[in-house]
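A short worksheet on the structure shown next.
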Amino acid sequence: MFTLSQINVFPVKSLDGYSPSKAIVEPQGLQYDRRWMITDEAGIFLTRRTIRKMTGLRAEIAGDWLWIASKTDANNSISIGINDSSGSLNVKVWDDRVKAFSVSTTADDFLSDFLGVKCRLVKLDYKADRQIDRKYAPEGAFVSFADAFPFMIIGSSSFADLNIRLENKLQSCSARFRPNFVFEGGLPYCEDHWKMVKIGDTIFSGRKNCGRCVMINVDPDTGESSSEPLNTLASYRKSGNSIQLGRHMCLGSPFRTKAEYSYVRVGDEIEVLTVS
């Protein structure tokens, strides 16, 4: 038996997020997940891969507000209305140009001061049509500001198996690998082969395993970087040029209307419908 043990929402790309007991499932990802992003002045996305101070911030949705705060000083924070936006612009995420809105100069100033680099906060345009790689999803299947796919899942047994191999143990699967879903049950890496799964009442389609990069070597608490856990993961989880942990997913039907959105809840049973 597989059970959903944790849900993670990361409202601002590359900042820490929060773990609600339930979340609304939308075609582009969990509601509010990676719907905001920090860019440079040219509109190119910034992440903790290069801006290590981003590990010092967390973001959470509280009612109608997006709250961004220092992880060490909650008073060093800013609240932004979830519907706040100003001028429209195009921003760049990897090779994609995406429609977005500016949020506020107050948010831009707060982030620029904290990170020590001139930047701005942008919000995904709800009409944005950022296509998932056509090798893995049909035309018209879109993703938010996430790197590649709307959802990602990791088994706690997979994380535990990696941790056994590491000299310096990792404290948190979610902080280091940033999955939307963590589940209990099954053998390590069993999620590699999930093709169709049902979480609660929602069907998801497994598309590909998640290829990992140097971002997982950045300590989510300190921002310091090392060679681990990527080196260890590469020693036994390499497929071609891809070092893999976790499974990318889309909705079983990526063309659902808003009226058809559903919830996932911690404690939901996960039913594996088909495997590859």
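Residues in the structure tokens are numbered from 1 in each chain, the chains being A, B, ... in the order shown, and ligands are numbered from 1 in the order shown.
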Hey, what does DSSP flag as strand (DSSP E or B) within segment 23-234 of chain A? Can you give it to me as a PyMOL selection string?
chain A and resi 23-26+29-30+36-39+44-45+57-62+65-70+77-81+88-93+96-102+120-124+131+142+151-155+181-184+194-199+202-211+218+225
Please report, as CSV, each residue of segment 50-154 of chain A lying at most 9 Å from segment 187-206 of chain A, together with the nearest pair of atoms and the separation in Å rounded to one decimal; use only C-alpha atoms, and order rows by chain and ascending residue number.
```
residue,atom,partner,partner_atom,distance
A:Phe151,CA,A:Phe204,CA,8.9
A:Met152,CA,A:Gly206,CA,9.0
A:Ile153,CA,A:Glu191,CA,7.7
A:Ile154,CA,A:Glu191,CA,7.0
```
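Proximity to Arg165 of chain A at 10 Å, evaluated using only C-alpha atoms and with sequence-adjacent residues fewer than 6 positions away removed, yields Pro229, Thr232 and Leu233 of chain A.
Nearest residue to Arg178 of chain A, choosing from A:Ser104, A:Ser253, A:Gln6, A:Asn76 and counting only C-alpha atoms: A:Gln6.
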With only C-alpha atoms as the counted atoms, please give the residues lying no more than 7 Å from Asp84 of chain A, apart from itself and same-chain residues fewer than 3 positions off, as a CSV table (one decimal) with C-alpha atoms, in the first residue's frame.
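Dumped to part_8.csv:
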```csv
chain,number,residue,atom,x,y,z
A,80,ILE,CA,1.8,40.7,-1.5
A,81,GLY,CA,-1.8,40.1,-2.5
A,103,VAL,CA,4.0,42.4,-9.1
```
